[in-house]
$ cat protein.cif   # mmCIF, C-alpha atoms, pLDDT in the B column; chains and numbers go by the auth columns
data_model
#
loop_
_atom_site.group_PDB
_atom_site.id
_atom_site.type_symbol
_atom_site.label_atom_id
_atom_site.label_comp_id
_atom_site.label_asym_id
_atom_site.label_seq_id
_atom_site.Cartn_x
_atom_site.Cartn_y
_atom_site.Cartn_z
_atom_site.B_iso_or_equiv
_atom_site.auth_seq_id
_atom_site.auth_asym_id
ATOM 1 C CA MET A 1 -45.797 24.920 -29.443 40.00 1017 Z
ATOM 2 C CA LYS A 2 -41.967 25.055 -29.252 40.00 1018 Z
ATOM 3 C CA LEU A 3 -42.116 27.464 -26.308 39.00 1019 Z
ATOM 4 C CA SER A 4 -44.432 25.133 -24.423 43.00 1020 Z
ATOM 5 C CA THR A 5 -42.029 22.224 -24.981 40.00 1021 Z
ATOM 6 C CA VAL A 6 -39.059 24.245 -23.750 36.00 1022 Z
ATOM 7 C CA SER A 7 -40.978 25.272 -20.625 42.00 1023 Z
ATOM 8 C CA LEU A 8 -41.864 21.672 -19.915 36.00 1024 Z
ATOM 9 C CA VAL A 9 -38.213 20.566 -20.268 34.00 1025 Z
ATOM 10 C CA LEU A 10 -37.034 23.344 -17.953 35.00 1026 Z
ATOM 11 C CA ALA A 11 -39.638 22.459 -15.343 42.00 1027 Z
ATOM 12 C CA PHE A 12 -38.630 18.786 -15.438 38.00 1028 Z
ATOM 13 C CA ALA A 13 -34.938 19.701 -15.116 42.00 1029 Z
ATOM 14 C CA SER A 14 -35.697 21.891 -12.090 45.00 1030 Z
ATOM 15 C CA GLU A 15 -37.588 19.071 -10.366 45.00 1031 Z
ATOM 16 C CA ALA A 16 -34.782 16.597 -11.102 41.00 1032 Z
ATOM 17 C CA PHE A 17 -32.179 18.967 -9.638 39.00 1033 Z
ATOM 18 C CA SER A 18 -34.260 19.458 -6.492 42.00 1034 Z
ATOM 19 C CA PHE A 19 -34.644 15.687 -6.067 37.00 1035 Z
ATOM 20 C CA THR A 20 -30.917 15.132 -6.555 40.00 1036 Z
ATOM 21 C CA GLN A 21 -30.091 17.722 -3.900 43.00 1037 Z
ATOM 22 C CA GLN A 22 -32.480 16.041 -1.453 40.00 1038 Z
ATOM 23 C CA VAL A 23 -30.864 12.665 -2.095 33.00 1039 Z
ATOM 24 C CA LYS A 24 -27.402 14.138 -1.539 37.00 1040 Z
ATOM 25 C CA THR A 25 -28.518 15.794 1.693 36.00 1041 Z
ATOM 26 C CA PHE A 26 -30.124 12.585 2.940 34.00 1042 Z
ATOM 27 C CA GLY A 27 -27.066 10.562 2.000 37.00 1043 Z
ATOM 28 C CA ALA A 28 -24.713 12.936 3.787 35.00 1044 Z
ATOM 29 C CA SER A 29 -26.929 12.895 6.839 33.00 1045 Z
ATOM 30 C CA SER A 30 -27.025 9.087 6.848 32.00 1046 Z
ATOM 31 C CA LEU A 31 -23.256 8.978 6.452 29.00 1047 Z
ATOM 32 C CA ARG A 32 -22.794 11.266 9.438 28.00 1048 Z
ATOM 33 C CA VAL A 33 -25.065 9.058 11.553 27.00 1049 Z
ATOM 34 C CA ALA A 34 -23.244 5.891 10.484 27.00 1050 Z
ATOM 35 C CA SER A 35 -19.877 7.500 11.188 24.00 1051 Z
ATOM 36 C CA SER A 36 -21.011 8.509 14.681 21.00 1052 Z
ATOM 37 C CA GLU A 37 -22.223 4.979 15.476 24.00 1053 Z
ATOM 38 C CA SER A 38 -18.962 3.505 14.203 22.00 1054 Z
ATOM 39 C CA SER A 39 -16.954 5.878 16.331 24.00 1055 Z
ATOM 40 C CA THR A 40 -18.978 4.957 19.405 24.00 1056 Z
ATOM 41 C CA SER A 41 -18.632 1.211 18.868 41.00 1057 Z
ATOM 42 C CA LEU A 42 -14.896 1.524 18.310 43.00 1058 Z
ATOM 43 C CA GLY A 43 -14.393 4.005 21.102 66.00 1059 Z
ATOM 44 C CA MET A 44 -13.236 1.341 23.545 80.00 1060 Z
ATOM 45 C CA SER A 45 -10.734 -1.368 22.721 94.00 1061 Z
ATOM 46 C CA ALA A 46 -11.037 -4.844 24.249 97.00 1062 Z
ATOM 47 C CA GLY A 47 -8.606 -7.745 24.035 98.00 1063 Z
ATOM 48 C CA LEU A 48 -9.120 -11.462 24.689 98.00 1064 Z
ATOM 49 C CA TYR A 49 -6.114 -13.439 25.900 98.00 1065 Z
ATOM 50 C CA TYR A 50 -5.767 -17.046 26.969 98.00 1066 Z
ATOM 51 C CA SER A 51 -3.297 -19.898 27.095 97.00 1067 Z
ATOM 52 C CA THR A 52 -3.958 -23.613 27.123 96.00 1068 Z
ATOM 53 C CA SER A 53 -2.454 -26.984 28.001 91.00 1069 Z
ATOM 54 C CA THR A 54 -4.923 -29.496 26.568 94.00 1070 Z
ATOM 55 C CA GLY A 55 -7.003 -27.278 24.274 96.00 1071 Z
ATOM 56 C CA ASN A 56 -9.971 -26.845 26.624 97.00 1072 Z
ATOM 57 C CA THR A 57 -9.211 -23.212 27.431 98.00 1073 Z
ATOM 58 C CA GLU A 58 -8.800 -22.486 23.744 97.00 1074 Z
ATOM 59 C CA THR A 59 -12.248 -23.971 23.132 98.00 1075 Z
ATOM 60 C CA VAL A 60 -13.824 -21.788 25.799 98.00 1076 Z
ATOM 61 C CA SER A 61 -11.997 -18.702 24.550 98.00 1077 Z
ATOM 62 C CA GLY A 62 -13.515 -19.453 21.143 98.00 1078 Z
ATOM 63 C CA TYR A 63 -17.015 -19.351 22.632 98.00 1079 Z
ATOM 64 C CA ILE A 64 -16.195 -16.056 24.330 98.00 1080 Z
ATOM 65 C CA ALA A 65 -14.681 -14.603 21.163 98.00 1081 Z
ATOM 66 C CA GLU A 66 -17.809 -15.440 19.171 98.00 1082 Z
ATOM 67 C CA ALA A 67 -20.153 -13.995 21.788 98.00 1083 Z
ATOM 68 C CA ALA A 68 -18.119 -10.794 22.196 98.00 1084 Z
ATOM 69 C CA GLY A 69 -17.055 -10.277 18.588 97.00 1085 Z
ATOM 70 C CA LEU A 70 -13.370 -10.491 19.492 98.00 1086 Z
ATOM 71 C CA THR A 71 -10.353 -12.481 18.342 97.00 1087 Z
ATOM 72 C CA ALA A 72 -8.708 -14.729 20.923 98.00 1088 Z
ATOM 73 C CA GLU A 73 -4.920 -14.591 21.190 98.00 1089 Z
ATOM 74 C CA ASP A 74 -2.468 -16.689 23.172 98.00 1090 Z
ATOM 75 C CA ILE A 75 -0.856 -14.541 25.857 98.00 1091 Z
ATOM 76 C CA GLY A 76 2.497 -15.947 24.782 96.00 1092 Z
ATOM 77 C CA ASP A 77 2.118 -14.138 21.458 97.00 1093 Z
ATOM 78 C CA ALA A 78 0.931 -10.817 22.858 97.00 1094 Z
ATOM 79 C CA THR A 79 3.115 -7.715 22.987 97.00 1095 Z
ATOM 80 C CA ASP A 80 3.236 -5.297 25.891 97.00 1096 Z
ATOM 81 C CA ASP A 81 1.955 -2.496 23.666 96.00 1097 Z
ATOM 82 C CA GLU A 82 -1.102 -4.555 22.724 96.00 1098 Z
ATOM 83 C CA ILE A 83 -2.006 -5.184 26.341 97.00 1099 Z
ATOM 84 C CA VAL A 84 -1.474 -1.591 27.434 96.00 1100 Z
ATOM 85 C CA GLY A 85 -3.388 -0.289 24.423 96.00 1101 Z
ATOM 86 C CA HIS A 86 -6.648 -1.984 25.381 97.00 1102 Z
ATOM 87 C CA ASP A 87 -9.203 -0.390 27.689 97.00 1103 Z
ATOM 88 C CA SER A 88 -10.584 -3.789 28.673 98.00 1104 Z
ATOM 89 C CA LEU A 89 -9.001 -7.241 28.922 98.00 1105 Z
ATOM 90 C CA ILE A 90 -10.602 -10.666 29.077 98.00 1106 Z
ATOM 91 C CA VAL A 91 -8.037 -13.138 30.400 98.00 1107 Z
ATOM 92 C CA GLY A 92 -8.338 -16.879 30.916 98.00 1108 Z
ATOM 93 C CA ALA A 93 -6.259 -19.858 31.993 98.00 1109 Z
ATOM 94 C CA PRO A 94 -6.489 -23.540 32.886 97.00 1110 Z
ATOM 95 C CA THR A 95 -5.237 -24.948 36.182 94.00 1111 Z
ATOM 96 C CA TRP A 96 -2.388 -27.432 35.802 91.00 1112 Z
ATOM 97 C CA HIS A 97 -0.203 -27.142 38.886 89.00 1113 Z
ATOM 98 C CA THR A 98 -2.899 -27.994 41.405 81.00 1114 Z
ATOM 99 C CA GLY A 99 -2.226 -26.893 44.953 82.00 1115 Z
ATOM 100 C CA ALA A 100 0.540 -24.491 43.933 81.00 1116 Z
ATOM 101 C CA ASP A 101 0.734 -21.035 45.501 87.00 1117 Z
ATOM 102 C CA GLU A 102 1.840 -19.469 42.218 89.00 1118 Z
ATOM 103 C CA GLN A 103 2.358 -20.302 38.539 90.00 1119 Z
ATOM 104 C CA ARG A 104 -0.685 -22.569 38.666 93.00 1120 Z
ATOM 105 C CA SER A 105 -1.614 -22.713 34.985 93.00 1121 Z
ATOM 106 C CA GLY A 106 1.341 -24.581 33.472 93.00 1122 Z
ATOM 107 C CA THR A 107 1.162 -22.225 30.482 96.00 1123 Z
ATOM 108 C CA PRO A 108 2.912 -19.008 29.334 97.00 1124 Z
ATOM 109 C CA TRP A 109 0.718 -17.154 31.848 97.00 1125 Z
ATOM 110 C CA ASP A 110 3.041 -18.397 34.594 96.00 1126 Z
ATOM 111 C CA ASP A 111 5.992 -16.363 33.351 96.00 1127 Z
ATOM 112 C CA TRP A 112 3.879 -13.474 32.025 98.00 1128 Z
ATOM 113 C CA LEU A 113 2.191 -12.794 35.354 98.00 1129 Z
ATOM 114 C CA TYR A 114 5.480 -12.588 37.264 97.00 1130 Z
ATOM 115 C CA ASP A 115 7.912 -11.249 34.663 97.00 1131 Z
ATOM 116 C CA THR A 116 5.791 -9.030 32.391 98.00 1132 Z
ATOM 117 C CA LEU A 117 2.785 -7.796 34.344 98.00 1133 Z
ATOM 118 C CA PRO A 118 4.860 -6.025 37.032 97.00 1134 Z
ATOM 119 C CA ASN A 119 6.566 -3.990 34.294 97.00 1135 Z
ATOM 120 C CA ILE A 120 3.507 -2.657 32.485 97.00 1136 Z
ATOM 121 C CA ASP A 121 0.776 -0.288 33.629 97.00 1137 Z
ATOM 122 C CA VAL A 122 -2.692 -1.828 33.917 97.00 1138 Z
ATOM 123 C CA SER A 123 -3.926 0.424 36.713 96.00 1139 Z
ATOM 124 C CA GLY A 124 -7.556 1.375 36.172 95.00 1140 Z
ATOM 125 C CA LYS A 125 -7.927 -1.102 33.333 97.00 1141 Z
ATOM 126 C CA LYS A 126 -11.090 -3.211 33.154 98.00 1142 Z
ATOM 127 C CA VAL A 127 -10.367 -6.930 33.456 98.00 1143 Z
ATOM 128 C CA ALA A 128 -12.646 -9.964 33.238 98.00 1144 Z
ATOM 129 C CA VAL A 129 -11.323 -13.391 34.229 98.00 1145 Z
ATOM 130 C CA PHE A 130 -12.310 -16.852 33.058 98.00 1146 Z
ATOM 131 C CA GLY A 131 -10.971 -20.222 34.094 98.00 1147 Z
ATOM 132 C CA VAL A 132 -11.238 -23.811 32.909 98.00 1148 Z
ATOM 133 C CA GLY A 133 -10.972 -26.732 35.311 96.00 1149 Z
ATOM 134 C CA ASP A 134 -12.052 -30.254 36.199 96.00 1150 Z
ATOM 135 C CA GLN A 135 -14.467 -30.474 39.126 94.00 1151 Z
ATOM 136 C CA GLN A 136 -14.299 -34.251 39.515 93.00 1152 Z
ATOM 137 C CA SER A 137 -10.585 -34.954 39.233 93.00 1153 Z
ATOM 138 C CA TYR A 138 -9.476 -31.761 41.005 94.00 1154 Z
ATOM 139 C CA ASN A 139 -12.397 -31.062 43.296 90.00 1155 Z
ATOM 140 C CA ASP A 140 -10.269 -29.178 45.817 93.00 1156 Z
ATOM 141 C CA ASN A 141 -8.471 -26.993 43.276 94.00 1157 Z
ATOM 142 C CA PHE A 142 -11.147 -26.095 40.751 96.00 1158 Z
ATOM 143 C CA CYS A 143 -9.957 -23.264 38.495 97.00 1159 Z
ATOM 144 C CA ASP A 144 -7.297 -22.113 40.977 96.00 1160 Z
ATOM 145 C CA ALA A 145 -5.319 -20.387 38.214 96.00 1161 Z
ATOM 146 C CA ALA A 146 -8.241 -18.036 37.593 97.00 1162 Z
ATOM 147 C CA GLY A 147 -7.849 -16.932 41.183 97.00 1163 Z
ATOM 148 C CA GLU A 148 -4.189 -16.200 40.491 97.00 1164 Z
ATOM 149 C CA LEU A 149 -5.144 -14.024 37.506 98.00 1165 Z
ATOM 150 C CA TYR A 150 -7.580 -12.150 39.721 98.00 1166 Z
ATOM 151 C CA ASP A 151 -5.082 -11.674 42.547 97.00 1167 Z
ATOM 152 C CA LEU A 152 -2.249 -10.360 40.392 98.00 1168 Z
ATOM 153 C CA PHE A 153 -4.299 -8.114 38.128 98.00 1169 Z
ATOM 154 C CA THR A 154 -6.097 -6.499 41.071 98.00 1170 Z
ATOM 155 C CA ALA A 155 -2.784 -6.084 42.883 98.00 1171 Z
ATOM 156 C CA ALA A 156 -1.556 -4.217 39.784 98.00 1172 Z
ATOM 157 C CA GLY A 157 -4.487 -1.810 40.014 98.00 1173 Z
ATOM 158 C CA ALA A 158 -6.942 -3.308 37.521 98.00 1174 Z
ATOM 159 C CA LYS A 159 -10.675 -3.456 38.233 98.00 1175 Z
ATOM 160 C CA VAL A 160 -12.305 -6.858 37.793 98.00 1176 Z
ATOM 161 C CA TYR A 161 -15.771 -7.258 36.265 98.00 1177 Z
ATOM 162 C CA GLY A 162 -17.989 -10.279 35.699 98.00 1178 Z
ATOM 163 C CA MET A 163 -18.099 -12.060 39.066 98.00 1179 Z
ATOM 164 C CA THR A 164 -20.438 -15.061 38.893 98.00 1180 Z
ATOM 165 C CA SER A 165 -22.405 -17.385 41.140 97.00 1181 Z
ATOM 166 C CA THR A 166 -20.974 -20.729 42.281 97.00 1182 Z
ATOM 167 C CA GLU A 167 -24.371 -22.398 41.880 96.00 1183 Z
ATOM 168 C CA GLY A 168 -24.514 -25.221 39.356 96.00 1184 Z
ATOM 169 C CA TYR A 169 -20.978 -26.419 40.059 97.00 1185 Z
ATOM 170 C CA ASP A 170 -19.833 -29.501 41.980 93.00 1186 Z
ATOM 171 C CA HIS A 171 -16.561 -28.721 43.723 94.00 1187 Z
ATOM 172 C CA SER A 172 -15.416 -28.374 47.314 92.00 1188 Z
ATOM 173 C CA GLU A 173 -12.729 -25.670 47.136 93.00 1189 Z
ATOM 174 C CA SER A 174 -11.403 -23.094 44.708 96.00 1190 Z
ATOM 175 C CA LYS A 175 -8.911 -20.270 44.929 95.00 1191 Z
ATOM 176 C CA ALA A 176 -11.079 -18.576 42.291 96.00 1192 Z
ATOM 177 C CA GLU A 177 -13.742 -17.775 44.890 97.00 1193 Z
ATOM 178 C CA VAL A 178 -13.905 -14.392 46.613 96.00 1194 Z
ATOM 179 C CA ASP A 179 -16.661 -13.509 49.070 95.00 1195 Z
ATOM 180 C CA GLY A 180 -18.753 -16.474 47.996 95.00 1196 Z
ATOM 181 C CA LYS A 181 -18.560 -15.773 44.264 97.00 1197 Z
ATOM 182 C CA PHE A 182 -16.303 -16.849 41.432 98.00 1198 Z
ATOM 183 C CA VAL A 183 -13.922 -14.115 40.324 98.00 1199 Z
ATOM 184 C CA GLY A 184 -15.253 -14.537 36.789 98.00 1200 Z
ATOM 185 C CA LEU A 185 -16.573 -17.242 34.474 98.00 1201 Z
ATOM 186 C CA MET A 186 -15.621 -20.833 35.308 98.00 1202 Z
ATOM 187 C CA CYS A 187 -16.066 -23.665 32.800 98.00 1203 Z
ATOM 188 C CA ASP A 188 -15.535 -27.417 33.000 98.00 1204 Z
ATOM 189 C CA GLU A 189 -14.955 -28.944 29.564 97.00 1205 Z
ATOM 190 C CA ASP A 190 -14.464 -32.394 31.094 96.00 1206 Z
ATOM 191 C CA ASN A 191 -17.704 -32.731 33.030 97.00 1207 Z
ATOM 192 C CA GLN A 192 -20.012 -29.896 31.941 97.00 1208 Z
ATOM 193 C CA TYR A 193 -18.895 -29.207 28.375 97.00 1209 Z
ATOM 194 C CA GLU A 194 -22.492 -28.922 27.198 98.00 1210 Z
ATOM 195 C CA LEU A 195 -22.946 -25.844 29.420 98.00 1211 Z
ATOM 196 C CA SER A 196 -19.837 -23.934 28.363 98.00 1212 Z
ATOM 197 C CA GLU A 197 -21.143 -22.111 25.292 98.00 1213 Z
ATOM 198 C CA GLY A 198 -24.304 -20.949 27.049 98.00 1214 Z
ATOM 199 C CA ARG A 199 -22.325 -19.840 30.085 98.00 1215 Z
ATOM 200 C CA CYS A 200 -20.012 -17.823 27.845 98.00 1216 Z
ATOM 201 C CA LYS A 201 -22.893 -16.058 26.099 98.00 1217 Z
ATOM 202 C CA ALA A 202 -24.580 -15.224 29.406 98.00 1218 Z
ATOM 203 C CA TRP A 203 -21.298 -13.938 30.823 98.00 1219 Z
ATOM 204 C CA ILE A 204 -20.679 -11.620 27.879 98.00 1220 Z
ATOM 205 C CA ASP A 205 -24.209 -10.253 28.291 98.00 1221 Z
ATOM 206 C CA GLN A 206 -23.435 -9.681 31.967 98.00 1222 Z
ATOM 207 C CA LEU A 207 -20.206 -7.849 31.124 98.00 1223 Z
ATOM 208 C CA LYS A 208 -22.086 -5.620 28.678 97.00 1224 Z
ATOM 209 C CA SER A 209 -24.642 -4.768 31.350 97.00 1225 Z
ATOM 210 C CA GLU A 210 -21.809 -3.894 33.754 98.00 1226 Z
ATOM 211 C CA GLY A 211 -20.291 -1.433 31.295 96.00 1227 Z
ATOM 212 C CA PHE A 212 -17.216 -3.532 30.616 97.00 1228 Z
ATOM 213 C CA PHE A 213 -17.250 -2.941 26.863 96.00 1229 Z
#
$ encode --input "protein.cif" --output "structure tokens"
Amino acid sequence: MKLSTVSLVLAFASEAFSFTQQVKTFGASSLRVASSESSTSLGMSAGLYYSTSTGNTETVSGYIAEAAGLTAEDIGDATDDEIVGHDSLIVGAPTWHTGADEQRSGTPWDDWLYDTLPNIDVSGKKVAVFGVGDQQSYNDNFCDAAGELYDLFTAAGAKVYGMTSTEGYDHSESKAEVDGKFVGLMCDEDNQYELSEGRCKAWIDQLKSEGFF
């Protein structure tokens, strides 16, 4: 009777050990898979930079940040090392100095583009541009500063992603148009504010499909 009990205890212990080993193996395997996925998702670094005059560009950058899972930062607070360290950059500005050939945003971008950008290396970097403007009050200069971002970043060797259609907008001219398309996402918080969030989500989906992230 005692021998039978001992045998039963030993058999139970053996089964428990086997089960424990399987759990450990499964757990280690799951951990390796999770680690691999984490490494892939963090393999590329993206930064979101804006500056604003009235708060509209900050609002739009918030929509973009939420859609992309990023944190928006004012370009005036960014360091050179931060910018250079990213593989991809989303950059956005309002247009304040309408009709100007340069320094069109009336924000810290104006100095950054001409004093900082020429002294850092962004060649080969992925860049996506967004602009915020007013189609009714500045019909002839809609989102011109976005065009300035495009011009100077491409001149520095960056590759721009996320060109969009001009359909659905009511403006006559824009320096943010190249070959019949906008150089990125354009939003109008004064006249089409109800479209901004949806446009931002669609644009981020487009950037993902283009391999920007």
$ closest_atom_pairs --input "protein.cif" --of "range 1167-1229 of chain Z" --to "range 1108-1128 of chain Z" --cutoff "12 Å" --atoms "only C-alpha atoms" --output "Markdown table"
| residue | atom | partner | partner_atom | distance |
| --- | --- | --- | --- | --- |
| Z:Asp1167 | CA | Z:Glu1118 | CA | 10.4 |
| Z:Leu1168 | CA | Z:Glu1118 | CA | 10.2 |
| Z:Phe1169 | CA | Z:Trp1128 | CA | 11.5 |
| Z:Glu1189 | CA | Z:Gly1115 | CA | 10.8 |
| Z:Ser1190 | CA | Z:Gly1115 | CA | 9.9 |
| Z:Lys1191 | CA | Z:Gly1115 | CA | 9.4 |
| Z:Ala1192 | CA | Z:Thr1111 | CA | 10.6 |
| Z:Val1199 | CA | Z:Gly1108 | CA | 11.3 |
| Z:Gly1200 | CA | Z:Gly1108 | CA | 9.4 |
| Z:Leu1201 | CA | Z:Gly1108 | CA | 9.0 |
| Z:Met1202 | CA | Z:Gly1108 | CA | 9.4 |
| Z:Cys1203 | CA | Z:Pro1110 | CA | 9.6 |
| Z:Asp1204 | CA | Z:Pro1110 | CA | 9.8 |
| Z:Glu1205 | CA | Z:Pro1110 | CA | 10.6 |
$ closest_residue --input "protein.cif" --among "Z:Ala1162, Z:His1187, Z:Lys1141, Z:Ile1136" --to "Ser1067 in chain Z" --atoms "only C-alpha atoms"
Z:Ala1162
$ resolve_selection --input "protein.cif" --expression "the PyMOL selection byres ((chain Z and resi 1175) around 10)" --output "list in words"
Ser1104, Val1138, Ser1139, Gly1140, Lys1141, Lys1142, Val1143, Ala1144, Tyr1166, Phe1169, Thr1170, Ala1171, Ala1172, Gly1173, Ala1174, Val1176 and Tyr1177 of chain Z
$ atom_distance --input "protein.cif" --atom1 "CA of Lys1217 in chain Z" --atom2 "CA of Ser1077 in chain Z"
11.3 Å
$ resolve_selection --input "protein.cif" --expression "the PyMOL selection byres ((chain Z and resi 1083) around 9)" --output "list in words"
Gly1078, Tyr1079, Ile1080, Ala1081, Glu1082, Ala1084, Gly1085, Leu1086, Glu1213, Cys1216, Lys1217, Ala1218, Ile1220 and Asp1221 of chain Z
$ atom_distance --input "protein.cif" --atom1 "CA of Val1148 in chain Z" --atom2 "CA of Ser1212 in chain Z"
9.7 Å
$ atom_distance --input "protein.cif" --atom1 "CA of Thr1180 in chain Z" --atom2 "CA of Val1100 in chain Z"
25.9 Å
$ axis_aligned_box --input "protein.cif" --around "range 1076-1084 of chain Z" --padding-each-side "5 Å" --output "JSON"
{"center_x": -16.1, "center_y": -16.3, "center_z": 22.5, "size_x": 18.2, "size_y": 21.0, "size_z": 16.6}
